[in-house]
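Structure, as C-alpha cells:
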Amino acid sequence: QVRMEESGGGLVQAGGSLRLTCAASGGTFMTYAVGWFRQAPGQEREFVAHISLISLSGSSTYYADTVKGRFTIARDNAKNTVYLQMNSLKPEDTAVYYCAAADRRYFSGSYSHYKEYGYWGQGTQVTVSS
C-alpha cells in the first residue's frame with residue numbers, strides 16, 4: 001500500500017512560484033498514476049493536475065483549465081516522487097494541496113475525479129497574497 005506525503009507549500013506573493021513535492025513510500029510507485037487536487041475553505045475539492053504511468057512513450061499529463069500554462073506536473077520514478085511546479089501564482093490558487101495515487105488495476109481513466117484515487121497525503125497549505 002502506497003503512502004503519500006506532500007511538502008513545499010508556503011506563503012508567496014502573486015506572480016511568484018512554488019514547487020510542491022509528493023513523496024511516495026511503500027507499494028510499487030511506478031504502478032500508480034498520480035494526481036494533485038486542492039481545496040479552499042468552504043469549497044469543493046478541485047482537480048489540478050494528473051500524470052499517468054510511464055510507458056515507452058513517456059507519461060501523459062492533464063491539467064485543469066484554471067492552471068493550464070502555469071502549472072507543470074512531473075514524476076521521477078527513481079525517487080518515488082511527483083512534483084508540481086506552480087508559476088504565475090494568483091490569490092485564487094490559495095488552498096490546501098493534496099497529492100493522491102491511483103492504482104492502475106482500478107483506475108478507469110477519469111483522472112479529474114477524486115474517487116479514482118485511493119491513497120491521499122495530508123496536504124500542504126499554499127497561500128498567495130495579492
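Chain labels A, B, ... are given in the sequence in which chains occur in the C-alpha cells; within each chain residues are numbered consecutively from 1, and ligands are likewise numbered from 1 in the order shown.
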- Message: I want to know what sits within 10 Å of stretch 75-91 of chain A, based on only C-alpha atoms, with residues of the same chain fewer than 4 positions away left out; could you give that as a ChimeraX atom specification?
- Response: /A:4-8,12-26,28-31,33-36,48-54,59,67,69-71,95,97,99,126-130
- Just list the residues in chain A DSSP gives strand (DSSP E) on the backbone, as number ranges by chain. A: 3-7, 10-13, 18-25, 32-39, 46-51, 61-63, 71-76, 81-86, 95-103, 119-120, 124-129
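Here the question is which of A:Ala74, A:Leu56, A:Ala100, A:Val2 gets nearest to A:His113 using only C-alpha atoms, and that residue is A:Ala100.
Minimum distance to A:Asp103 across A:Thr66, A:Ser57, A:Gln1, A:Gln125 (counting only C-alpha atoms) occurs at A:Gln1.
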- Note on the structure: Residue with the minimum atom-to-atom distance to A:Gly27, picked from A:Gly121, A:Arg3, A:Asp93, A:Gly109 with only C-alpha atoms counted, is A:Arg3
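Separating atom CA of A:Ser110 from atom CA of A:Arg45 is a distance of 15.2 Å.
Take atom CA of A:Thr94 and atom CA of A:Tyr117: the distance between them is 22.3 Å.
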- Apply DSSP to the structure's backbone, then extract all residues of chain A labelled helix (DSSP H, G or I) and return them as a ChimeraX atom specification. /A:29-31,77-79,91-93,114-116
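Residues in contact with A:Glu44 at up to 12 Å, not including ones fewer than 5 positions away on its chain and judged by only C-alpha atoms, are A:Phe37, A:Arg38, A:Gln39, A:Ala95, A:Val96, A:His113, A:Tyr114.
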Export of the given selection (N, CA and C atoms) as a tab-separated table (two decimals), in the first residue's frame:
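Result file is out_24.tsv:
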chain	number	residue	atom	x	y	z
A	37	PHE	N	-4.77	17.64	-6.25
A	37	PHE	CA	-6.05	18.29	-6.02
A	37	PHE	C	-5.83	19.43	-5.04
A	38	ARG	N	-6.79	20.32	-4.95
A	38	ARG	CA	-6.70	21.38	-3.96
A	38	ARG	C	-8.09	21.66	-3.40
A	39	GLN	N	-8.10	22.22	-2.21
A	39	GLN	CA	-9.36	22.55	-1.57
A	39	GLN	C	-9.20	23.83	-0.78
A	95	ALA	N	-5.04	27.47	-1.33
A	95	ALA	CA	-5.77	26.25	-0.96
A	95	ALA	C	-4.81	25.29	-0.27
A	96	VAL	N	-5.38	24.24	0.28
A	96	VAL	CA	-4.57	23.10	0.70
A	96	VAL	C	-4.44	22.19	-0.52
A	113	HIS	N	-11.51	12.95	-11.39
A	113	HIS	CA	-12.47	12.58	-10.34
A	113	HIS	C	-11.72	12.05	-9.13
A	114	TYR	N	-11.93	12.68	-7.98
A	114	TYR	CA	-11.14	12.33	-6.80
A	114	TYR	C	-11.38	10.88	-6.36
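The gap separating atom CA of A:Ser60 from atom CA of A:Glu46 is 19.6 Å, in Å to one decimal.
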